[in-house]
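J.: Let me begin by handing over the structure; questions about it come next.
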Amino acid sequence: MNLGGLFIRAVKSGCICSIFYHGLMMVTGQKVAVQQAFVFTVVFIGLYFLWLVLVSYRGRK
């Protein structure tokens with residue numbers, strides 16, 4: 001997979017994970033700030049993208 005495909009995969013997974021995680025927090029009665037959700041999503045996407053890149057390049061060698 002190329003880097004663009006990996007990034008799109010990371011964005012999709014990050015958005016789904018963020019919606020699920022913060023939705024669960026709201027269902028349990030905890031307050032969720034928009035800034036908190038945004039930072040969580042951006043950090044998750046970045047770390048997951050890095051992990052996908054490392055794993056994909058490790059498998060090619």
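By convention in this document, the chains of the structure tokens carry letters A, B, ... by their order, each chain's residues are numbered from 1, and ligands are numbered from 1 in the order they are shown.
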If we count only C-alpha atoms, what is near stretch 10-14 of chain A at a cut-off of 12 Å, once residues fewer than 3 positions away on the same chain are taken out, given as a PyMOL selection string?
T.: chain A and resi 3-7+17-22+37-53
J.: Please indicate the distance in Å from atom CA of A:Tyr57 to atom CA of A:Ile16, rounded to one decimal place.
T.: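 Distance between the two atoms: 25.0 Å.
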